[in-house]
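As stored in protein18.tsv (TSV, C-alpha atoms):
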```tsv
chain	number	residue	atom	x	y	z
A	118	MET	CA	-188.22	26.43	11.58
A	119	GLY	CA	-189.41	28.40	14.60
A	120	ILE	CA	-188.20	28.85	18.14
A	121	CYS	CA	-190.07	27.42	21.09
A	122	GLU	CA	-188.96	28.57	24.55
A	123	ARG	CA	-191.64	26.82	26.61
A	124	ALA	CA	-194.57	24.52	25.85
A	125	GLU	CA	-196.41	21.45	27.08
A	126	SER	CA	-194.90	18.28	25.61
A	127	ASN	CA	-198.21	17.35	23.97
A	128	ASN	CA	-198.68	20.72	22.23
A	129	ILE	CA	-195.44	22.21	20.92
A	130	PRO	CA	-195.89	25.26	18.66
A	131	LEU	CA	-193.58	24.13	15.86
A	132	PRO	CA	-194.39	23.02	12.31
A	133	ASN	CA	-194.74	19.37	11.27
A	134	GLU	CA	-191.56	17.37	10.59
A	135	CYS	CA	-189.17	20.18	11.57
A	136	VAL	CA	-187.03	18.37	14.17
A	137	LYS	CA	-184.33	15.71	13.76
A	138	VAL	CA	-183.82	14.68	17.42
A	139	ILE	CA	-185.87	15.04	20.62
A	140	MET	CA	-184.63	14.21	24.13
A	141	PHE	CA	-187.48	13.71	26.62
A	142	ASP	CA	-187.03	13.33	30.39
A	143	PRO	CA	-190.57	13.43	31.83
A	144	PRO	CA	-191.65	13.11	35.46
A	145	PHE	CA	-192.31	9.54	36.66
A	146	VAL	CA	-193.40	9.76	40.32
A	147	ILE	CA	-196.97	8.79	41.27
A	148	SER	CA	-198.16	10.13	44.62
A	149	GLY	CA	-201.92	10.52	44.62
A	150	GLU	CA	-203.80	13.80	44.67
A	151	ASN	CA	-202.82	15.15	48.11
A	152	TYR	CA	-199.07	14.57	48.29
A	153	ASN	CA	-198.36	18.27	48.90
A	154	GLU	CA	-200.46	18.08	52.08
A	155	SER	CA	-198.55	15.11	53.55
A	156	ALA	CA	-196.80	15.43	56.91
A	157	LYS	CA	-193.39	17.04	57.16
A	158	GLY	CA	-190.69	14.47	56.41
A	159	SER	CA	-192.93	12.27	54.26
A	160	GLY	CA	-193.48	12.34	50.52
A	161	PHE	CA	-190.18	14.14	50.01
A	162	ILE	CA	-189.57	12.53	46.62
A	163	SER	CA	-192.99	13.68	45.38
A	164	LYS	CA	-192.48	17.16	46.75
A	165	ARG	CA	-189.03	17.45	45.19
A	166	PHE	CA	-190.16	16.40	41.70
A	167	THR	CA	-193.38	16.76	39.70
A	168	ALA	CA	-195.80	13.94	40.51
A	169	PHE	CA	-198.84	12.34	38.88
A	170	LYS	CA	-201.98	11.43	40.80
A	171	ASP	CA	-202.10	7.92	39.24
A	172	PHE	CA	-200.65	5.73	36.50
A	173	GLU	CA	-203.48	6.63	34.11
A	174	GLU	CA	-202.51	10.32	34.29
A	175	LEU	CA	-198.87	9.39	33.59
A	176	LYS	CA	-199.86	7.26	30.57
A	177	GLU	CA	-202.06	10.06	29.20
A	178	MET	CA	-199.18	12.55	29.37
A	179	TYR	CA	-196.64	10.12	27.90
A	180	SER	CA	-198.99	9.08	25.09
A	181	GLY	CA	-199.85	12.67	24.16
A	182	SER	CA	-196.16	13.52	24.14
A	183	LEU	CA	-195.24	10.60	21.87
A	184	LYS	CA	-197.99	11.59	19.46
A	185	GLU	CA	-196.68	15.16	19.34
A	186	PHE	CA	-193.10	13.97	18.87
A	187	TYR	CA	-194.18	11.84	15.91
A	188	ARG	CA	-195.74	14.94	14.33
A	189	LEU	CA	-192.63	17.04	14.91
A	190	LEU	CA	-189.98	14.54	13.81
A	191	GLN	CA	-188.67	14.34	10.28
A	192	PRO	CA	-188.67	10.88	8.64
A	193	LYS	CA	-185.99	8.76	10.33
A	194	GLY	CA	-185.91	11.32	13.18
A	195	ILE	CA	-184.98	10.13	16.67
A	196	VAL	CA	-186.65	10.55	20.04
A	197	ILE	CA	-184.74	9.57	23.17
A	198	PHE	CA	-187.32	8.86	25.87
A	199	LYS	CA	-186.18	8.48	29.48
A	200	CYS	CA	-188.49	6.49	31.75
A	201	GLN	CA	-188.41	4.57	34.98
A	202	ASP	CA	-190.43	1.65	36.28
A	203	ILE	CA	-192.36	2.52	39.42
A	204	VAL	CA	-194.33	1.11	42.30
A	205	ALA	CA	-197.60	2.91	43.07
A	206	SER	CA	-200.30	1.78	45.50
A	207	GLY	CA	-198.38	-1.45	46.09
A	208	LYS	CA	-198.34	-2.35	42.37
A	209	ASN	CA	-195.39	-2.62	39.99
A	210	HIS	CA	-195.80	-0.59	36.82
A	211	PHE	CA	-193.28	-1.64	34.18
A	212	THR	CA	-193.39	1.72	32.45
A	213	HIS	CA	-190.57	0.93	30.03
A	214	CYS	CA	-192.64	-1.91	28.52
A	215	TRP	CA	-195.73	0.29	28.19
A	216	VAL	CA	-193.69	3.11	26.58
A	217	MET	CA	-192.29	0.74	23.94
A	218	GLN	CA	-195.73	-0.63	23.08
A	219	GLU	CA	-197.26	2.85	22.89
A	220	ALA	CA	-194.43	4.17	20.71
A	221	MET	CA	-194.80	1.23	18.32
A	222	LYS	CA	-198.58	1.82	18.04
A	223	MET	CA	-197.79	5.35	16.87
A	224	GLY	CA	-195.33	4.18	14.22
A	225	PHE	CA	-191.98	4.37	15.99
A	226	TYR	CA	-189.30	1.73	15.63
A	227	PRO	CA	-187.60	0.86	18.97
A	228	LYS	CA	-184.04	1.16	17.68
A	229	ASP	CA	-182.22	0.75	20.99
A	230	MET	CA	-182.43	0.99	24.76
A	231	PHE	CA	-179.88	1.98	27.39
A	232	ILE	CA	-180.12	1.32	31.12
A	233	LEU	CA	-178.59	3.84	33.52
A	234	LEU	CA	-177.89	2.75	37.08
A	235	SER	CA	-178.36	5.39	39.76
A	236	LYS	CA	-175.42	6.35	41.96
A	237	ASN	CA	-177.67	8.09	44.50
A	238	ARG	CA	-180.58	6.34	46.16
A	239	LEU	CA	-183.49	8.30	47.60
A	240	VAL	CA	-185.21	6.18	50.23
A	241	ASP	CA	-188.20	7.32	52.24
A	242	GLY	CA	-188.10	4.75	55.06
A	243	ARG	CA	-191.44	3.02	54.43
A	244	LYS	CA	-191.81	-0.75	54.47
A	245	GLN	CA	-190.61	-2.10	51.13
A	246	GLN	CA	-193.07	-4.31	49.18
A	247	HIS	CA	-191.20	-4.59	45.86
A	248	ALA	CA	-187.62	-4.41	44.66
A	249	ARG	CA	-186.29	-0.86	44.65
A	250	LYS	CA	-185.86	0.70	41.23
A	251	PHE	CA	-182.33	2.07	41.01
A	252	HIS	CA	-182.18	2.43	37.25
A	253	SER	CA	-183.70	4.36	34.37
A	254	TYR	CA	-184.31	3.41	30.76
A	255	PHE	CA	-183.38	5.50	27.76
A	256	TRP	CA	-185.41	4.35	24.76
A	257	VAL	CA	-184.18	5.33	21.31
A	258	PHE	CA	-187.14	5.44	18.94
A	259	GLU	CA	-186.88	6.17	15.23
A	260	LYS	CA	-189.70	7.52	13.08
A	261	ARG	CA	-189.82	4.70	10.53
A	262	ASN	CA	-191.53	1.39	9.90
A	263	CYS	CA	-190.66	-1.21	12.49
A	264	LYS	CA	-187.96	-3.61	11.29
A	265	VAL	CA	-188.85	-6.36	13.78
A	266	ASN	CA	-192.13	-8.18	14.40
A	267	TYR	CA	-192.60	-8.09	18.20
A	268	GLU	CA	-195.88	-10.01	18.25
```
Can the structure in the file be given as structure tokens, please?
Amino acid sequence: MGICERAESNNIPLPNECVKVIMFDPPFVISGENYNESAKGSGFISKRFTAFKDFEELKEMYSGSLKEFYRLLQPKGIVIFKCQDIVASGKNHFTHCWVMQEAMKMGFYPKDMFILLSKNRLVDGRKQQHARKFHSYFWVFEKRNCKVNYE
């Protein structure tokens, strides 16, 4: 096996099936293309963390990462995938549902899921249109045939 100090999550320079466990905590904020140019005091969550321009860009990164993790994992290997549901452009995106469906398409079995409640709450003061998301999901996917028919 090799050593990888830094790489994009969709292109990791390691050989096939060389890893037993992967923990993935990707960015989840969607802020449009010009969030860095927003007025002082606004967009502080986007400026503090990495942000995507839209949900399609997030899905592309997550999908590419899952595909790469499948390549890297040994049979019965585990990936722990942290995600959070979000509101972008006034729309709810139930990311945790999309992640499960995408992982299953690639051949992962959704073995378990944990929900972590946040102790700290970042609020930006804008008018609220949807319920605040104060929790994250930790999916546990296994590289094996799915044991349950979810259709």
Residues proximal to (-190.2, 13.6, 11.7) were defined as those with any atom within 7 Å of that point in the file's coordinates, counting all atoms listed in the file. Which are they, as a VMD selection string? chain A and resid 134 to 137 187 to 194 260
Point-to-point distance from atom CA of A:Thr212 to atom CA of A:Pro143, Å rounded to tenths: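 The value is 12.1 Å.
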Between A:Thr167, A:Ser148, A:Ser253, A:Ser180, which is the closest to A:Ala205 once you count only C-alpha atoms?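 Result for the nearest residue to A:Ala205: A:Ser148.
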List the spatial neighbours of A:Phe141 as an MDAnalysis selection string - criterion: any atom at most 12 Å away, only C-alpha atoms, same-chain residues fewer than 6 positions off excluded. chainID A and resid 125:127 179 182:183 185:186 195:200 254:258
Quick check, in Å to one decimal: how far apart do atom CA of A:Asn266 and atom CA of A:Leu233 lie?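 Between these atoms lies a distance of 26.3 Å.
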Residue nearest A:Lys222 - candidates A:Arg261, A:Arg123, A:His252, A:Lys208, atoms counted: all atoms listed in the file: A:Arg261
Using atom CA of A:Phe251 and atom CA of A:Ser235 as the two end points, give the distance in Å to one decimal. 5.3 Å
Which residues, written as a ChimeraX atom specification, have at least one atom at most 9 Å from A:Pro227, with all atoms listed in the file counted and residues fewer than 3 positions away on the same chain left out? /A:217,220-221,230,256-259,263-265
Calculated over only C-alpha atoms, which of the candidates A:Phe231, A:Asn262, A:Gly181, A:His213 has the smallest distance to A:Ile129?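 When distances to A:Ile129 are compared using only C-alpha atoms, the smallest one comes from A:Gly181.
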Choose the residue, out of A:Phe211, A:Gly224, A:Glu219, A:Glu268, that has the smallest atom-to-atom separation from A:Glu177; count only C-alpha atoms.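 Of all the options, A:Glu219 lies closest to A:Glu177.
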I want to know what sits within 9 Å of A:Val146, based on all atoms listed in the file, with residues of the same chain fewer than 2 positions away left out; could you give that as an mmCIF file with C-alpha atoms, keeping the file's coordinate frame?
```
data_model
loop_
_atom_site.group_PDB
_atom_site.id
_atom_site.type_symbol
_atom_site.label_atom_id
_atom_site.label_comp_id
_atom_site.auth_asym_id
_atom_site.auth_seq_id
_atom_site.Cartn_x
_atom_site.Cartn_y
_atom_site.Cartn_z
ATOM 1 C CA PRO A 144 -191.650 13.110 35.460
ATOM 2 C CA SER A 148 -198.160 10.130 44.620
ATOM 3 C CA ILE A 162 -189.570 12.530 46.620
ATOM 4 C CA SER A 163 -192.990 13.680 45.380
ATOM 5 C CA PHE A 166 -190.160 16.400 41.700
ATOM 6 C CA THR A 167 -193.380 16.760 39.700
ATOM 7 C CA ALA A 168 -195.800 13.940 40.510
ATOM 8 C CA PHE A 169 -198.840 12.340 38.880
ATOM 9 C CA LYS A 170 -201.980 11.430 40.800
ATOM 10 C CA ASP A 171 -202.100 7.920 39.240
ATOM 11 C CA LEU A 175 -198.870 9.390 33.590
ATOM 12 C CA GLN A 201 -188.410 4.570 34.980
ATOM 13 C CA ILE A 203 -192.360 2.520 39.420
ATOM 14 C CA VAL A 204 -194.330 1.110 42.300
ATOM 15 C CA ALA A 205 -197.600 2.910 43.070
#
```
